[in-house]
file run_32.cif (mmCIF, C-alpha atoms)
data_structure
loop_
_atom_site.label_atom_id
_atom_site.label_comp_id
_atom_site.auth_asym_id
_atom_site.auth_seq_id
_atom_site.Cartn_x
_atom_site.Cartn_y
_atom_site.Cartn_z
CA MET D 1457 156.03 97.53 10.74
CA CYS D 1458 157.05 97.13 14.37
CA ALA D 1459 159.94 94.83 13.41
CA ILE D 1460 161.29 97.25 10.79
CA THR D 1461 161.04 100.34 13.00
CA LEU D 1462 162.67 98.51 15.92
CA SER D 1463 165.62 97.54 13.74
CA LEU D 1464 166.09 100.99 12.21
CA GLN D 1465 165.73 102.66 15.61
CA LEU D 1466 168.58 100.61 17.03
CA VAL D 1467 170.72 101.29 13.95
CA PHE D 1468 170.32 105.05 14.36
CA VAL D 1469 171.07 104.76 18.09
CA LYS D 1470 174.28 102.86 17.31
CA VAL D 1471 175.35 105.62 14.91
CA LEU D 1472 174.42 108.45 17.27
CA LEU D 1473 176.22 106.86 20.23
CA GLU D 1474 179.48 107.79 18.53
CA LYS D 1475 178.69 111.46 19.28
CA PHE D 1476 176.03 111.55 21.99
CA PRO D 1477 175.65 109.69 25.32
CA SER D 1478 172.84 107.18 25.68
CA ASP D 1479 171.31 109.29 28.48
CA GLU D 1480 170.83 112.23 26.12
CA LEU D 1481 169.38 110.08 23.34
CA MET D 1482 166.89 108.58 25.77
CA PHE D 1483 165.95 112.05 27.00
CA LEU D 1484 165.24 113.27 23.44
CA ARG D 1485 163.15 110.16 22.81
CA SER D 1486 161.16 110.74 26.00
CA VAL D 1487 160.54 114.42 25.22
CA PHE D 1488 159.21 113.57 21.77
CA MET D 1489 156.86 110.93 23.18
CA PHE D 1490 155.70 113.31 25.89
CA VAL D 1491 154.82 116.00 23.33
CA ILE D 1492 152.25 113.77 21.61
CA VAL D 1493 150.12 114.13 24.76
CA LEU D 1494 148.19 116.62 22.61
CA ARG D 1495 146.78 113.69 20.60
CA ILE D 1496 145.16 111.99 23.59
CA SER D 1497 141.36 111.90 23.69
CA TRP D 1498 140.89 113.29 27.19
CA GLU D 1499 137.11 112.89 27.06
CA LYS D 1500 137.74 109.19 27.74
CA SER D 1501 139.73 109.93 30.89
CA SER D 1502 136.66 109.56 33.10
CA GLN D 1503 136.52 105.88 32.12
CA TYR D 1504 139.89 105.12 33.69
CA HIS D 1505 140.09 103.67 37.17
CA LEU D 1506 142.95 103.57 39.65
CA GLN D 1507 143.99 100.13 38.38
CA ASP D 1508 144.17 101.47 34.82
CA LEU D 1509 146.39 104.37 35.84
CA PHE D 1510 148.65 102.02 37.78
CA LEU D 1511 149.05 99.78 34.71
CA TYR D 1512 149.83 102.75 32.46
CA PHE D 1513 152.43 104.05 34.88
CA LEU D 1514 153.93 100.58 35.34
CA TYR D 1515 154.18 100.19 31.59
CA GLY D 1516 155.97 103.53 31.34
CA ILE D 1517 158.55 102.51 33.94
CA LEU D 1518 159.20 99.06 32.43
CA ASN D 1519 159.37 100.29 28.85
CA PHE D 1520 161.65 103.20 29.71
CA GLY D 1521 163.92 100.96 31.76
CA GLY D 1522 164.16 98.27 29.09
CA ILE D 1523 164.91 100.66 26.22
CA TYR D 1524 167.43 102.65 28.25
CA ILE D 1525 169.33 99.54 29.34
CA SER D 1526 169.39 98.23 25.77
CA TYR D 1527 170.99 101.53 24.70
CA LEU D 1528 173.60 101.09 27.40
CA ALA D 1529 174.31 97.57 26.14
CA LEU D 1530 175.18 98.98 22.70
CA ASN D 1531 178.21 100.62 24.31
CA TYR D 1532 179.63 97.23 25.21
CA THR D 1533 178.62 94.69 22.57
CA SER D 1534 177.48 94.50 18.95
CA ILE D 1535 174.12 95.68 17.63
CA GLY D 1536 173.36 92.12 16.53
CA ASN D 1537 173.79 90.80 20.06
CA VAL D 1538 171.68 93.54 21.62
CA GLN D 1539 168.88 93.15 19.09
CA ALA D 1540 168.80 89.36 19.35
CA ILE D 1541 168.81 89.29 23.15
CA ALA D 1542 166.98 92.42 24.29
CA ILE D 1543 164.44 93.23 21.58
CA ASN D 1544 163.33 89.74 20.52
CA LEU D 1545 160.72 89.05 23.17
CA THR D 1546 159.08 85.93 21.74
CA ILE D 1547 160.06 83.24 24.25
CA PRO D 1548 159.74 85.10 27.57
CA THR D 1549 156.56 86.87 26.44
CA ALA D 1550 154.91 83.57 25.56
CA ILE D 1551 155.87 82.12 28.95
CA PHE D 1552 154.69 85.12 30.95
CA ALA D 1553 151.50 85.47 28.87
CA ASN D 1554 150.63 81.85 29.49
CA PHE D 1555 151.13 82.01 33.27
CA LEU D 1556 149.97 85.57 33.96
CA LEU D 1557 147.32 86.20 31.29
CA GLY D 1558 146.13 82.69 30.60
CA GLU D 1559 146.83 82.97 26.87
CA PRO D 1560 146.89 79.50 25.30
CA ALA D 1561 150.14 77.99 24.10
CA SER D 1562 149.84 74.74 22.14
CA LEU D 1563 152.58 72.13 22.15
CA ARG D 1564 153.37 72.99 18.52
CA LYS D 1565 153.71 76.68 19.34
CA LEU D 1566 155.94 75.93 22.30
CA LEU D 1567 158.14 73.88 19.98
CA LEU D 1568 158.28 76.77 17.51
CA PHE D 1569 159.17 79.16 20.32
CA PHE D 1570 161.98 76.82 21.34
CA ILE D 1571 163.31 76.76 17.76
CA ASN D 1572 163.02 80.54 17.68
CA PHE D 1573 165.02 80.76 20.89
CA ILE D 1574 167.76 78.53 19.47
CA GLY D 1575 167.89 80.80 16.41
CA ILE D 1576 168.26 83.87 18.61
CA ILE D 1577 171.24 82.32 20.40
CA LEU D 1578 172.88 81.37 17.11
CA ILE D 1579 172.39 84.88 15.67
CA ALA D 1580 173.71 86.60 18.78
CA ASN D 1581 176.60 84.13 18.99
CA PRO D 1582 177.68 85.57 22.35
CA SER D 1583 181.29 84.80 23.12
CA VAL D 1584 180.34 83.71 26.63
CA ILE D 1585 178.78 80.61 25.02
CA PHE D 1586 180.67 79.82 21.82
CA SER D 1587 184.17 81.21 22.15
CA LYS D 1588 186.99 79.02 23.44
CA ASP D 1589 188.95 82.16 24.35
CA THR D 1590 188.46 84.20 27.49
CA THR D 1591 185.36 86.37 27.20
CA THR D 1592 186.10 90.08 27.10
CA ILE D 1593 184.65 92.02 29.98
CA TYR D 1594 182.84 94.39 27.60
CA ASP D 1595 180.98 91.63 25.78
CA PHE D 1596 180.05 90.09 29.11
CA TYR D 1597 178.64 93.37 30.41
CA GLY D 1598 176.80 93.99 27.15
CA CYS D 1599 175.10 90.58 27.19
CA CYS D 1600 174.13 90.95 30.85
CA LEU D 1601 172.61 94.38 30.20
CA ALA D 1602 170.73 93.03 27.19
CA PHE D 1603 169.20 90.23 29.28
CA ILE D 1604 168.09 92.75 31.91
CA ALA D 1605 166.54 94.86 29.16
CA LEU D 1606 164.79 91.76 27.81
CA THR D 1607 163.13 91.11 31.16
CA SER D 1608 161.92 94.69 31.53
CA LEU D 1609 160.57 94.94 27.97
CA THR D 1610 158.82 91.57 28.25
CA LEU D 1611 157.01 92.64 31.40
CA SER D 1612 156.02 95.94 29.76
CA ARG D 1613 154.43 93.99 26.88
CA ILE D 1614 152.49 91.85 29.37
CA VAL D 1615 151.25 94.95 31.20
CA ALA D 1616 150.11 96.50 27.91
CA ARG D 1617 148.25 93.32 26.96
CA GLN D 1618 146.57 93.18 30.37
CA THR D 1619 145.43 96.78 29.92
CA SER D 1620 143.94 95.81 26.56
CA LEU D 1621 142.14 92.79 28.01
CA ILE D 1622 140.32 94.91 30.62
CA GLY D 1623 139.21 97.32 27.89
CA SER D 1624 141.27 100.35 28.91
CA MET D 1625 143.92 100.39 26.17
CA ASP D 1626 144.89 103.73 24.62
CA ALA D 1627 148.01 103.23 22.47
CA THR D 1628 148.82 106.94 22.45
CA LEU D 1629 148.54 107.25 26.23
CA MET D 1630 150.81 104.22 26.61
CA THR D 1631 153.43 105.97 24.50
CA VAL D 1632 153.00 109.24 26.39
CA MET D 1633 153.52 107.44 29.73
CA THR D 1634 156.95 106.37 28.50
CA GLY D 1635 157.74 110.05 28.00
CA ILE D 1636 156.23 111.10 31.33
CA VAL D 1637 158.46 108.61 33.13
CA GLY D 1638 161.44 109.14 30.84
CA VAL D 1639 161.81 112.94 30.96
CA PRO D 1640 162.38 113.30 34.73
CA GLY D 1641 164.21 109.97 34.84
CA CYS D 1642 166.71 111.02 32.16
CA LEU D 1643 167.18 114.48 33.67
CA LEU D 1644 168.05 112.87 36.98
CA ILE D 1645 170.53 110.53 35.30
CA LEU D 1646 172.08 113.35 33.27
CA MET D 1647 172.67 115.37 36.43
CA PHE D 1648 175.10 112.74 37.70
CA SER D 1649 176.38 110.82 34.68
CA SER D 1650 177.29 113.00 31.71
CA SER D 1651 177.36 116.43 30.11
CA TRP D 1652 175.26 117.63 27.20
CA SER D 1653 176.60 117.25 23.68
CA LEU D 1654 174.39 119.38 21.46
CA PRO D 1655 174.02 118.59 17.72
CA TYR D 1656 176.10 121.03 15.69
CA CYS D 1657 175.36 120.06 12.09
CA ILE D 1658 172.31 119.36 9.95
CA VAL D 1659 173.21 115.67 9.56
CA ASP D 1660 173.09 115.17 13.34
CA TRP D 1661 169.68 116.83 13.52
CA ILE D 1662 168.36 114.66 10.68
CA PHE D 1663 169.60 111.48 12.34
CA ILE D 1664 168.14 112.48 15.71
CA THR D 1665 164.80 113.36 14.10
CA LEU D 1666 164.65 110.02 12.30
CA TYR D 1667 165.61 108.22 15.50
CA VAL D 1668 162.83 109.75 17.62
CA VAL D 1669 160.22 109.28 14.87
CA LEU D 1670 161.17 105.62 14.47
CA SER D 1671 161.00 105.19 18.25
CA LEU D 1672 157.48 106.59 18.25
CA LEU D 1673 156.36 104.41 15.34
CA ALA D 1674 157.83 101.28 16.94
CA ASN D 1675 156.06 101.91 20.23
CA GLN D 1676 152.75 102.87 18.62
CA SER D 1677 152.66 99.89 16.27
CA ALA D 1678 153.45 97.50 19.13
CA MET D 1679 150.70 98.99 21.31
CA ASN D 1680 148.16 98.93 18.48
CA GLY D 1681 149.08 95.30 17.91
CA VAL D 1682 148.35 94.15 21.44
CA LYS D 1683 144.79 95.46 21.10
CA THR D 1684 143.88 92.62 18.74
CA GLU D 1685 146.68 90.05 18.96
CA SER D 1686 148.03 87.96 21.79
CA ALA D 1687 151.20 89.17 23.47
CA SER D 1688 153.13 86.15 22.20
CA ASN D 1689 152.05 86.69 18.57
CA ILE D 1690 153.12 90.33 18.58
CA SER D 1691 156.48 89.39 20.03
CA ALA D 1692 156.89 86.64 17.42
CA LEU D 1693 156.37 89.16 14.64
CA THR D 1694 158.96 91.53 16.11
CA SER D 1695 161.53 88.74 15.87
CA LEU D 1696 161.76 89.62 12.17
CA SER D 1697 163.85 92.58 13.29
CA VAL D 1698 166.68 90.31 14.46
CA PRO D 1699 168.04 89.07 11.11
CA LEU D 1700 167.42 92.51 9.61
CA THR D 1701 169.52 94.26 12.25
CA TYR D 1702 172.17 91.57 12.09
CA THR D 1703 172.49 92.19 8.34
CA VAL D 1704 172.77 95.95 8.81
CA GLY D 1705 175.43 95.39 11.44
CA PHE D 1706 177.47 93.39 8.94
CA PHE D 1707 177.22 95.77 5.98
CA TYR D 1708 177.26 99.12 7.80
CA PHE D 1709 179.14 98.56 11.06
CA GLY D 1710 181.47 95.85 9.79
CA GLU D 1711 180.42 93.30 12.41
CA ASN D 1712 181.41 89.70 11.72
CA LEU D 1713 178.86 87.52 9.95
CA LYS D 1714 179.40 83.77 10.26
CA PHE D 1715 177.54 80.74 8.97
CA ILE D 1716 176.20 80.01 12.44
CA GLY D 1717 174.56 83.44 12.48
CA LEU D 1718 172.96 82.92 9.06
CA PHE D 1719 171.64 79.55 10.20
CA GLY D 1720 170.19 81.19 13.30
CA ALA D 1721 168.48 83.85 11.17
CA THR D 1722 166.88 81.07 9.12
CA LEU D 1723 165.54 79.42 12.28
CA VAL D 1724 164.14 82.73 13.56
CA LEU D 1725 162.36 83.57 10.29
CA GLY D 1726 161.08 80.04 9.78
CA SER D 1727 159.69 79.62 13.28
CA THR D 1728 158.19 83.10 13.23
CA PHE D 1729 156.19 82.54 10.06
CA ALA D 1730 155.15 79.06 11.21
CA SER D 1731 153.98 80.53 14.53
CA VAL D 1732 151.86 83.16 12.77
CA LEU D 1733 150.29 80.53 10.49
CA ASP D 1734 149.53 78.37 13.53
CA THR D 1735 147.18 81.00 15.03
#
call {"tool": "encode", "arguments": {"input": "run_32.cif", "output": "structure tokens"}}
result
Amino acid sequence: MCAITLSLQLVFVKVLLEKFPSDELMFLRSVFMFVIVLRISWEKSSQYHLQDLFLYFLYGILNFGGIYISYLALNYTSIGNVQAIAINLTIPTAIFANFLLGEPASLRKLLLFFINFIGIILIANPSVIFSKDTTTIYDFYGCCLAFIALTSLTLSRIVARQTSLIGSMDATLMTVMTGIVGVPGCLLILMFSSSWSLPYCIVDWIFITLYVVLSLLANQSAMNGVKTESASNISALTSLSVPLTYTVGFFYFGENLKFIGLFGATLVLGSTFASVLDT
């Protein structure tokens, strides 16, 4: 579910960016996540310690930063590139989880992660690697932003897993923290970067509603997953979103689809399923 909602979320963001700035979209996302504070079981709040609150707040900052930067990257490069680089967290999550959380990583799984990584590169097909022509400045900026987003989102997944391991995980509170950090953060950005562009037709409102709901579902499903699965396994499953988004980019946005990208999608899917079966 996480893979599907991640893909659809990014698709709706790509469509909405034609009318609304990324700052405003991130603000609406944060407000919606902040509102679900009403679903938190506050009777458990006495069980939280200072370390727990620090981890929740750190997750909110890292998740907000990663998602926001990935939205910015969509302004410069294709949705396929952004999804493949920023949202597919398999390789870096496995590395960080092994060193920081002590989660085991067998030689076979490391090999599968390496194959998965090769598939990601082939799907993204960034011009900075494959093109013989001079790389456009926009593609270069987009890829750089996507890599920054990847780092932030990977660290947020590690923080969430650590919170789960110490027995203080509340998936809803994790989501709410993204909103708590995002609302003032976006307002501050909007004060200096752009003006408001309010939806003026029912189609815009429908797309925005679907976008924020998908964002919530993606975050909730990922947080529920880290309660029972290792951080690397959850990230491997989300890699299913890469070929899906790449396909949507081809049929809906008219982005180029080459054999090398299809081969990369095959590597990603194959290594992902093999990794899940290896657990």
call {"tool": "closest_residue", "arguments": {"input": "run_32.cif", "among": "D:Ala1730, D:Val1724, D:Ile1525, D:Met1633", "to": "Ile1577 (chain D)", "atoms": "only C-alpha atoms"}}
result
D:Val1724
call {"tool": "residues_around", "arguments": {"input": "run_32.cif", "residues": "region 1513-1522 of chain D", "least_positions_apart": "2", "cutoff": "8 Å", "atoms": "only C-alpha atoms", "output": "PyMOL selection string"}}
result
chain D and resi 1509-1511+1524-1526+1604-1609+1611-1613+1615-1616+1630-1631+1633-1638
call {"tool": "write_last_selection", "arguments": {"input": "run_32.cif", "atoms": "C-alpha atoms", "output": "compact mmCIF listing (two decimals), keeping the file's coordinate frame"}}
result
# COMPACT_ATOMS: atom_id res chain seq x y z
CA LEU D 1509 146.39 104.37 35.84
CA PHE D 1510 148.65 102.02 37.78
CA LEU D 1511 149.05 99.78 34.71
CA TYR D 1524 167.43 102.65 28.25
CA ILE D 1525 169.33 99.54 29.34
CA SER D 1526 169.39 98.23 25.77
CA ILE D 1604 168.09 92.75 31.91
CA ALA D 1605 166.54 94.86 29.16
CA LEU D 1606 164.79 91.76 27.81
CA THR D 1607 163.13 91.11 31.16
CA SER D 1608 161.92 94.69 31.53
CA LEU D 1609 160.57 94.94 27.97
CA LEU D 1611 157.01 92.64 31.40
CA SER D 1612 156.02 95.94 29.76
CA ARG D 1613 154.43 93.99 26.88
CA VAL D 1615 151.25 94.95 31.20
CA ALA D 1616 150.11 96.50 27.91
CA MET D 1630 150.81 104.22 26.61
CA THR D 1631 153.43 105.97 24.50
CA MET D 1633 153.52 107.44 29.73
CA THR D 1634 156.95 106.37 28.50
CA GLY D 1635 157.74 110.05 28.00
CA ILE D 1636 156.23 111.10 31.33
CA VAL D 1637 158.46 108.61 33.13
CA GLY D 1638 161.44 109.14 30.84
call {"tool": "atom_distance", "arguments": {"input": "run_32.cif", "atom1": "CA of Gln1539 (chain D)", "atom2": "CA of Val1487 (chain D)"}}
result
23.7 Å
call {"tool": "atom_distance", "arguments": {"input": "run_32.cif", "atom1": "CA of Leu1643 (chain D)", "atom2": "CA of Ser1486 (chain D)"}}
result
10.4 Å
call {"tool": "closest_residue", "arguments": {"input": "run_32.cif", "among": "D:Ser1649, D:Asn1572, D:Phe1483, D:Gln1676", "to": "Asp1626 (chain D)", "atoms": "only C-alpha atoms"}}
result
D:Gln1676
call {"tool": "residues_around", "arguments": {"input": "run_32.cif", "residues": "Val1632 (chain D)", "least_positions_apart": "3", "cutoff": "6 Å", "atoms": "only C-alpha atoms", "output": "PyMOL selection string"}}
result
chain D and resi 1489-1490+1493+1629+1635
call {"tool": "atom_distance", "arguments": {"input": "run_32.cif", "atom1": "CA of Val1469 (chain D)", "atom2": "CA of Gly1705 (chain D)"}}
result
12.3 Å
call {"tool": "residues_around", "arguments": {"input": "run_32.cif", "residues": "Val1704 (chain D)", "least_positions_apart": "3", "cutoff": "10 Å", "atoms": "all atoms listed in the file", "output": "count of residues only"}}
result
13
call {"tool": "resolve_selection", "arguments": {"input": "run_32.cif", "expression": "the PyMOL selection byres ((chain D and resi 1529) around 6)", "output": "list in words"}}
result
Ser1526, Tyr1527, Leu1528, Leu1530, Asn1531, Tyr1532, Gly1598, Leu1601 and Ala1602 of chain D
call {"tool": "write_last_selection", "arguments": {"input": "run_32.cif", "atoms": "C-alpha atoms", "output": "compact mmCIF listing (two decimals), in the frame of the given file"}}
result
# COMPACT_ATOMS: atom_id res chain seq x y z
CA SER D 1526 169.39 98.23 25.77
CA TYR D 1527 170.99 101.53 24.70
CA LEU D 1528 173.60 101.09 27.40
CA LEU D 1530 175.18 98.98 22.70
CA ASN D 1531 178.21 100.62 24.31
CA TYR D 1532 179.63 97.23 25.21
CA GLY D 1598 176.80 93.99 27.15
CA LEU D 1601 172.61 94.38 30.20
CA ALA D 1602 170.73 93.03 27.19
call {"tool": "resolve_selection", "arguments": {"input": "run_32.cif", "expression": "the PyMOL selection byres ((chain D and resi 1720) around 7)", "output": "list in words"}}
result
Gly1575, Ile1576, Leu1578, Ile1579, Ile1716, Gly1717, Leu1718, Phe1719, Ala1721, Thr1722, Leu1723 and Val1724 of chain D
call {"tool": "closest_residue", "arguments": {"input": "run_32.cif", "among": "D:Leu1666, D:Tyr1656, D:Val1639, D:Ser1727", "to": "Leu1484 (chain D)", "atoms": "all atoms listed in the file"}}
result
D:Val1639
call {"tool": "resolve_selection", "arguments": {"input": "run_32.cif", "expression": "the PyMOL selection byres ((chain D and resi 1664) around 12)", "output": "PyMOL selection string"}}
result
chain D and resi 1465-1473+1475-1476+1480-1485+1488+1654-1663+1665-1671
